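Here the structure is laid out as structure tokens; the discussion comes afterwards.
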Amino acid sequence: MPPLLKTIINAIQEDFGRPASLYALLDAHHDLSATLGEPPRDIASESVARWHEWGETPFNHWPRRARGEVMGWRHVGGTYSSFYVKREEFANFGSCEVTEDWECDIQDVTGLAASKSELKDFDTLDRMVETNSRNMIEPITADKLRENLAWSEIRILHRDYPSDFFARYLWDGRVFLINSGGSHHFAAARYIASRIEAPVPLRGRLRTYAINEMAVASLQRDYEMFVMADIPEATLGFHDAMQSFRASYLWQYLPRPYRGSRAILLPRADARSMKVAAALHEAGFFDLGLYLRGLAARQTHAHSLP
């Protein structure tokens, strides 16, 4: 079909409420769809998805946005133009509760923040120390346990006001020691203690990060939300299709480690945007609203700390 004729037919279909340009784009760009896979369950704290940071502009992106500010496009007064809106749901999407003098056993800690080893290469602290520091766990005795615990770089044990602290991300559920040193001696002590059944109490500041469940519910009430690959050619094509159909949309950065994708928000109050949402559902796009609701439900079962 000649391009001009195709354009005319698409325009007629769009006047009658069918997002024809969008359907053509989806047929041509299967790479536009993206999925938020679960981050790997390794022992690196940085591997946990930073949902509490959602709403913040990444440092390497321009232009900067105010916290909670979202950019959108809409058809108003005969023109398709950009706009910004401040959504408190993004400004307060995550929270951090600080608990001083929190206590746990060394076995409750399952990951770390820093090490000379590549933390992302290991799914357990035991595997890391078995692979890279076997000399620290032989022999498995109480004396060897005391030797490891005496290592001064385990700051959570050897500082009156330690810089190290504990962190828990409720949608993840695990406890991490946010350390600045002593990773192998800590892991070795934990390894030996589990095998000789010796308790090793720890005490320090705990930072508990959570997703604001009310923010998730509010966003779901106002928008259909999808994940889209952040590919310039494809996202520009999506914008052109939305402009052609005169449908409103907003987009938001996604938190680490999902920076290769973006969130697309389609206002439920816009009938044309809901036609777009139906097309994206039909094409199998990742339903971000449903995913976030699942994360919020998951963290309600994680409030009872060990």
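Chain labels follow the order of the structure tokens: the first chain is A, the next B, and so on; residue numbering restarts at 1 in every chain, and ligands are counted from 1 in their shown order.
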Legend entry - Who sits within 10 Å of Glu38 (chain A), only C-alpha atoms, same chain under 3 positions skipped, as an NGL selection string: :A and (35 or 41 or 47-49 or 172)
Inset, instruction - For region 294-297 of chain A, please output as a ChimeraX atom specification all residues within 12 Å (counting only C-alpha atoms; exclusion window: fewer than 3 positions along the same chain). - result: /A:38,49,51-52,93-94,169-173,209-217,287-291,300-303
Inset, instruction - Select from region 25-141 of chain A everything DSSP, run on the backbone, classes as helix (DSSP H, G or I), then give the selection as an NGL selection string. - result: :A and (25-28 or 30-32 or 45-47 or 51-53 or 88-91 or 106-108 or 119-121 or 125-132 or 134-137)
Legend entry - For Lys275 (chain A): contacts at 12 Å, only C-alpha atoms, fewer than 2 positions along chain excluded, given as a PyMOL selection string: chain A and resi 14+16-20+22-23+224+242+245-249+266-273+277-282
Those residues with N, CA, C and O atoms, as a CSV table (one decimal), in the first residue's frame please?
```
chain,number,residue,atom,x,y,z
A,14,GLU,N,-8.5,6.5,13.0
A,14,GLU,CA,-8.2,7.2,14.3
A,14,GLU,C,-9.4,8.2,14.6
A,14,GLU,O,-9.7,8.4,15.7
A,16,PHE,N,-12.3,7.6,14.0
A,16,PHE,CA,-13.4,6.8,14.5
A,16,PHE,C,-13.0,6.0,15.7
A,16,PHE,O,-13.7,5.1,16.1
A,17,GLY,N,-11.9,6.4,16.3
A,17,GLY,CA,-11.5,5.8,17.7
A,17,GLY,C,-10.6,4.6,17.7
A,17,GLY,O,-10.5,3.9,18.7
A,18,ARG,N,-10.0,4.3,16.5
A,18,ARG,CA,-9.1,3.1,16.5
A,18,ARG,C,-7.6,3.7,16.4
A,18,ARG,O,-7.3,4.4,15.4
A,19,PRO,N,-6.7,3.4,17.3
A,19,PRO,CA,-5.3,3.9,17.2
A,19,PRO,C,-4.5,3.1,16.2
A,19,PRO,O,-3.6,2.4,16.5
A,20,ALA,N,-4.8,3.4,14.9
A,20,ALA,CA,-4.2,2.6,13.8
A,20,ALA,C,-2.7,2.8,13.7
A,20,ALA,O,-2.0,1.9,13.5
A,22,LEU,N,-0.7,3.4,16.1
A,22,LEU,CA,-0.1,2.6,17.2
A,22,LEU,C,0.0,1.1,16.9
A,22,LEU,O,1.0,0.5,17.1
A,23,TYR,N,-1.1,0.6,16.3
A,23,TYR,CA,-1.1,-0.8,15.9
A,23,TYR,C,0.0,-1.1,14.9
A,23,TYR,O,0.7,-2.1,15.0
A,224,GLU,N,-3.6,3.6,33.8
A,224,GLU,CA,-3.1,2.3,33.4
A,224,GLU,C,-1.7,2.5,33.2
A,224,GLU,O,-1.2,3.5,32.6
A,242,MET,N,0.8,8.5,19.5
A,242,MET,CA,-0.1,9.1,20.4
A,242,MET,C,-0.5,10.5,20.0
A,242,MET,O,-1.7,10.8,20.2
A,245,PHE,N,-3.1,10.0,17.3
A,245,PHE,CA,-4.4,9.6,17.9
A,245,PHE,C,-5.0,10.6,18.8
A,245,PHE,O,-6.1,10.4,19.3
A,246,ARG,N,-4.2,11.6,19.2
A,246,ARG,CA,-4.6,12.7,20.1
A,246,ARG,C,-5.0,12.1,21.5
A,246,ARG,O,-5.9,12.5,22.1
A,247,ALA,N,-4.1,11.2,21.9
A,247,ALA,CA,-4.3,10.5,23.2
A,247,ALA,C,-3.2,11.1,24.2
A,247,ALA,O,-2.1,11.3,23.8
A,248,SER,N,-3.6,11.2,25.4
A,248,SER,CA,-2.7,11.7,26.5
A,248,SER,C,-1.9,10.6,27.1
A,248,SER,O,-2.3,9.5,27.2
A,249,TYR,N,-0.7,10.9,27.4
A,249,TYR,CA,0.1,10.0,28.2
A,249,TYR,C,1.2,10.7,29.0
A,249,TYR,O,1.5,11.9,28.7
A,266,LEU,N,-1.1,6.0,31.4
A,266,LEU,CA,-2.2,6.4,30.5
A,266,LEU,C,-3.4,6.8,31.4
A,266,LEU,O,-3.9,6.0,32.2
A,267,PRO,N,-3.9,8.1,31.3
A,267,PRO,CA,-4.9,8.6,32.2
A,267,PRO,C,-6.3,7.8,31.9
A,267,PRO,O,-6.7,7.8,30.8
A,268,ARG,N,-6.8,7.3,33.0
A,268,ARG,CA,-8.1,6.6,32.9
A,268,ARG,C,-9.2,7.5,32.5
A,268,ARG,O,-10.3,7.1,31.9
A,269,ALA,N,-9.1,8.8,32.7
A,269,ALA,CA,-10.1,9.8,32.4
A,269,ALA,C,-10.1,10.2,30.9
A,269,ALA,O,-11.1,10.8,30.5
A,270,ASP,N,-9.1,9.7,30.2
A,270,ASP,CA,-9.0,10.0,28.8
A,270,ASP,C,-9.5,8.8,28.0
A,270,ASP,O,-8.8,7.8,28.0
A,271,ALA,N,-10.6,8.9,27.3
A,271,ALA,CA,-11.2,7.8,26.5
A,271,ALA,C,-10.2,7.2,25.5
A,271,ALA,O,-10.1,6.0,25.3
A,272,ARG,N,-9.5,8.2,24.8
A,272,ARG,CA,-8.5,7.7,23.8
A,272,ARG,C,-7.3,7.0,24.4
A,272,ARG,O,-6.8,6.1,23.9
A,273,SER,N,-6.9,7.5,25.5
A,273,SER,CA,-5.8,6.8,26.2
A,273,SER,C,-6.2,5.4,26.6
A,273,SER,O,-5.4,4.5,26.6
A,277,ALA,N,-4.5,1.8,26.0
A,277,ALA,CA,-4.2,0.8,27.0
A,277,ALA,C,-4.7,-0.5,26.6
A,277,ALA,O,-4.1,-1.5,26.8
A,278,ALA,N,-5.9,-0.5,25.9
A,278,ALA,CA,-6.4,-1.8,25.5
A,278,ALA,C,-5.5,-2.4,24.4
A,278,ALA,O,-5.3,-3.6,24.4
A,279,ALA,N,-4.9,-1.6,23.6
A,279,ALA,CA,-4.0,-2.1,22.5
A,279,ALA,C,-2.7,-2.6,23.2
A,279,ALA,O,-2.2,-3.7,22.7
A,280,LEU,N,-2.2,-2.0,24.2
A,280,LEU,CA,-1.0,-2.4,24.9
A,280,LEU,C,-1.3,-3.7,25.6
A,280,LEU,O,-0.4,-4.6,25.6
A,281,HIS,N,-2.4,-3.8,26.2
A,281,HIS,CA,-2.8,-5.1,26.9
A,281,HIS,C,-2.9,-6.2,25.9
A,281,HIS,O,-2.3,-7.3,26.1
A,282,GLU,N,-3.5,-5.9,24.7
A,282,GLU,CA,-3.6,-6.9,23.7
A,282,GLU,C,-2.3,-7.3,23.1
A,282,GLU,O,-2.1,-8.5,22.8
```
Legend entry - One-decimal distance in Å that lies between CA of Glu118 (chain A) and CA of Cys96 (chain A): 27.2 Å
Inset, instruction - Show which residues sit within 9 Å of region 133-139 of chain A, as a ChimeraX atom specification. Count only C-alpha atoms, and ignore same-chain residues fewer than 3 positions away. - result: /A:128-130,143-145,147-148,184-185,188-189,191-192
Could you dump the residues just selected with C-alpha atoms as a PDB file, in the first residue's frame?
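The resulting again13.pdb:
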```pdb
ATOM      1  CA  MET A 128      31.493 -16.514  48.757  1.00  0.00           C
ATOM      2  CA  VAL A 129      33.680 -17.464  51.698  1.00  0.00           C
ATOM      3  CA  GLU A 130      33.989 -21.089  50.570  1.00  0.00           C
ATOM      4  CA  ASP A 143      38.634 -20.239  68.382  1.00  0.00           C
ATOM      5  CA  LYS A 144      38.427 -19.622  64.630  1.00  0.00           C
ATOM      6  CA  LEU A 145      35.067 -17.954  65.136  1.00  0.00           C
ATOM      7  CA  GLU A 147      39.488 -14.859  65.465  1.00  0.00           C
ATOM      8  CA  ASN A 148      37.169 -13.746  62.664  1.00  0.00           C
ATOM      9  CA  HIS A 184      35.172 -11.972  54.294  1.00  0.00           C
ATOM     10  CA  HIS A 185      35.773 -12.127  58.046  1.00  0.00           C
ATOM     11  CA  ALA A 188      33.530 -16.546  57.733  1.00  0.00           C
ATOM     12  CA  ALA A 189      32.274 -15.879  61.254  1.00  0.00           C
ATOM     13  CA  TYR A 191      29.710 -19.640  58.350  1.00  0.00           C
ATOM     14  CA  ILE A 192      31.438 -21.105  61.395  1.00  0.00           C
TER      15      ILE A 192
END
```
Inset, instruction - Go through A:Phe186, A:Thr110, A:Asn179, A:Trp251 one by one, measure the shortest atom-to-atom distance of each to Asp123 (chain A) using only C-alpha atoms, and give the residue with the smallest value. - result: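 Closest residue, counting only C-alpha atoms: A:Thr110.
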